[in-house]
$ cat final12.pdb   # PDB, C-alpha atoms
ATOM      1  CA  MET F   1       0.000   0.000   0.000
ATOM      2  CA  LYS F   2       1.308   3.364  -0.983
ATOM      3  CA  ILE F   3       0.392   6.635   0.695
ATOM      4  CA  ASP F   4       0.184   9.424  -1.810
ATOM      5  CA  LYS F   5      -1.043  12.327   0.296
ATOM      6  CA  ILE F   6      -0.584  13.251   3.894
ATOM      7  CA  ALA F   7      -3.203  15.556   5.336
ATOM      8  CA  THR F   8      -1.868  18.075   7.789
ATOM      9  CA  THR F   9      -3.598  20.571   9.949
ATOM     10  CA  HIS F  10      -2.114  23.970  10.484
ATOM     11  CA  PHE F  11      -2.785  25.887  13.672
ATOM     12  CA  ASN F  12      -2.186  29.537  14.041
ATOM     13  CA  GLN F  13       0.220  30.300  16.940
ATOM     14  CA  ALA F  14      -2.332  32.764  18.370
ATOM     15  CA  GLN F  15      -4.967  30.013  18.460
ATOM     16  CA  LEU F  16      -2.589  27.698  20.320
ATOM     17  CA  THR F  17      -1.695  30.447  22.810
ATOM     18  CA  ILE F  18      -5.370  31.211  23.487
ATOM     19  CA  ALA F  19      -6.121  27.508  23.985
ATOM     20  CA  GLN F  20      -3.216  27.200  26.432
ATOM     21  CA  GLN F  21      -4.363  30.296  28.349
ATOM     22  CA  GLN F  22      -7.922  28.979  28.577
ATOM     23  CA  SER F  23      -6.631  25.644  29.847
ATOM     24  CA  THR F  24      -4.488  27.380  32.488
ATOM     25  CA  THR F  25      -7.380  29.634  33.535
ATOM     26  CA  GLY F  26      -9.662  26.615  33.851
ATOM     27  CA  GLN F  27      -7.110  24.801  35.989
ATOM     28  CA  GLN F  28      -6.714  27.876  38.233
ATOM     29  CA  THR F  29     -10.500  28.116  38.647
ATOM     30  CA  VAL F  30     -10.728  24.454  39.636
ATOM     31  CA  ALA F  31      -7.855  24.912  42.110
ATOM     32  CA  LYS F  32      -9.565  27.955  43.672
ATOM     33  CA  GLN F  33     -12.881  26.110  43.930
ATOM     34  CA  THR F  34     -11.174  23.119  45.535
ATOM     35  CA  ALA F  35      -9.414  25.357  48.077
ATOM     36  CA  SER F  36     -12.658  27.196  48.819
ATOM     37  CA  THR F  37     -14.508  23.907  49.288
ATOM     38  CA  ALA F  38     -11.805  22.653  51.657
ATOM     39  CA  ILE F  39     -12.067  25.843  53.754
ATOM     40  CA  ASP F  40     -15.875  25.635  53.820
ATOM     41  CA  SER F  41     -15.704  22.001  54.871
ATOM     42  CA  GLN F  42     -13.259  22.829  57.651
ATOM     43  CA  LEU F  43     -15.447  25.690  58.928
ATOM     44  CA  LEU F  44     -18.537  23.473  58.903
ATOM     45  CA  THR F  45     -16.693  20.777  60.826
ATOM     46  CA  GLN F  46     -15.637  23.334  63.430
ATOM     47  CA  ALA F  47     -19.216  24.654  63.740
ATOM     48  CA  ILE F  48     -20.795  21.203  64.036
ATOM     49  CA  GLN F  49     -18.748  20.174  67.072
ATOM     50  CA  PRO F  50     -20.136  22.840  69.477
ATOM     51  CA  LEU F  51     -23.650  22.385  68.070
ATOM     52  CA  ASN F  52     -23.539  18.647  68.736
ATOM     53  CA  ALA F  53     -22.570  19.374  72.337
ATOM     54  CA  LEU F  54     -25.825  21.282  72.906
ATOM     55  CA  PRO F  55     -28.888  19.379  74.120
ATOM     56  CA  ASP F  56     -31.787  19.003  71.686
ATOM     57  CA  VAL F  57     -34.226  20.477  74.224
ATOM     58  CA  ASP F  58     -33.535  22.971  76.999
ATOM     59  CA  ILE F  59     -35.337  21.060  79.749
ATOM     60  CA  ALA F  60     -34.868  23.862  82.297
ATOM     61  CA  LYS F  61     -36.575  26.352  79.958
ATOM     62  CA  VAL F  62     -39.438  23.911  79.315
ATOM     63  CA  GLU F  63     -39.984  23.556  83.060
ATOM     64  CA  GLN F  64     -40.005  27.358  83.497
ATOM     65  CA  ILE F  65     -42.648  27.737  80.790
ATOM     66  CA  LYS F  66     -44.767  24.922  82.257
ATOM     67  CA  ALA F  67     -44.636  26.547  85.678
ATOM     68  CA  ALA F  68     -45.567  29.959  84.235
ATOM     69  CA  LEU F  69     -48.518  28.390  82.389
ATOM     70  CA  ASN F  70     -49.689  26.662  85.586
ATOM     71  CA  ARG F  71     -49.443  29.932  87.532
ATOM     72  CA  GLY F  72     -51.469  31.707  84.832
ATOM     73  CA  GLU F  73     -48.635  34.072  83.956
ATOM     74  CA  ILE F  74     -48.765  33.044  80.310
ATOM     75  CA  SER F  75     -52.025  32.811  78.431
ATOM     76  CA  LEU F  76     -52.375  30.240  75.697
ATOM     77  CA  ASP F  77     -54.490  30.977  72.621
ATOM     78  CA  VAL F  78     -55.211  27.448  71.420
ATOM     79  CA  GLU F  79     -56.841  28.656  68.208
ATOM     80  CA  ALA F  80     -53.825  30.798  67.259
ATOM     81  CA  LEU F  81     -51.473  27.955  68.143
ATOM     82  CA  SER F  82     -53.359  25.413  66.037
ATOM     83  CA  SER F  83     -53.512  27.852  63.130
ATOM     84  CA  ALA F  84     -49.754  28.444  63.345
ATOM     85  CA  ILE F  85     -49.098  24.693  63.436
ATOM     86  CA  LEU F  86     -51.280  24.112  60.366
ATOM     87  CA  GLN F  87     -49.647  26.975  58.489
ATOM     88  CA  PHE F  88     -46.161  25.692  59.345
ATOM     89  CA  HIS F  89     -46.821  22.117  58.244
ATOM     90  CA  THR F  90     -49.020  22.748  55.202
ATOM     91  CA  GLY F  91     -47.853  26.128  53.987
ATOM     92  CA  HIS F  92     -51.367  27.601  54.271
ATOM     93  CA  GLU F  93     -54.226  27.908  56.746
TER
END
$ encode --input "final12.pdb" --output "structure tokens"
Amino acid sequence: MKIDKIATTHFNQAQLTIAQQQSTTGQQTVAKQTASTAIDSQLLTQAIQPLNALPDVDIAKVEQIKAALNRGEISLDVEALSSAILQFHTGHE
């Protein structure tokens, strides 16, 4: 088999330079995003630790509110409470 023609592709030097710059810029963007993600992850980890140390419910505060309700210091509007609960869970009244 004999090859008569060889097809070649010519690239302008400016086109190659632009392609290289775009590749470098893309790599820099990925590096910045990776660094930013690592910092965000570290900050979240630091914030989670103190939050996990807190109790889910402040029992002392619950007892204070119960006592105030029993003494009549706090009035409870059952209708307003039920409406707020419905609105919270369904998105409407």
$ atom_distance --input "final12.pdb" --atom1 "CA of Leu69 (chain F)" --atom2 "CA of Leu81 (chain F)"
14.6 Å
$ atom_distance --input "final12.pdb" --atom1 "CA of Ile74 (chain F)" --atom2 "CA of Val62 (chain F)"
13.1 Å
$ atom_distance --input "final12.pdb" --atom1 "CA of Val78 (chain F)" --atom2 "CA of Asp58 (chain F)"
22.8 Å
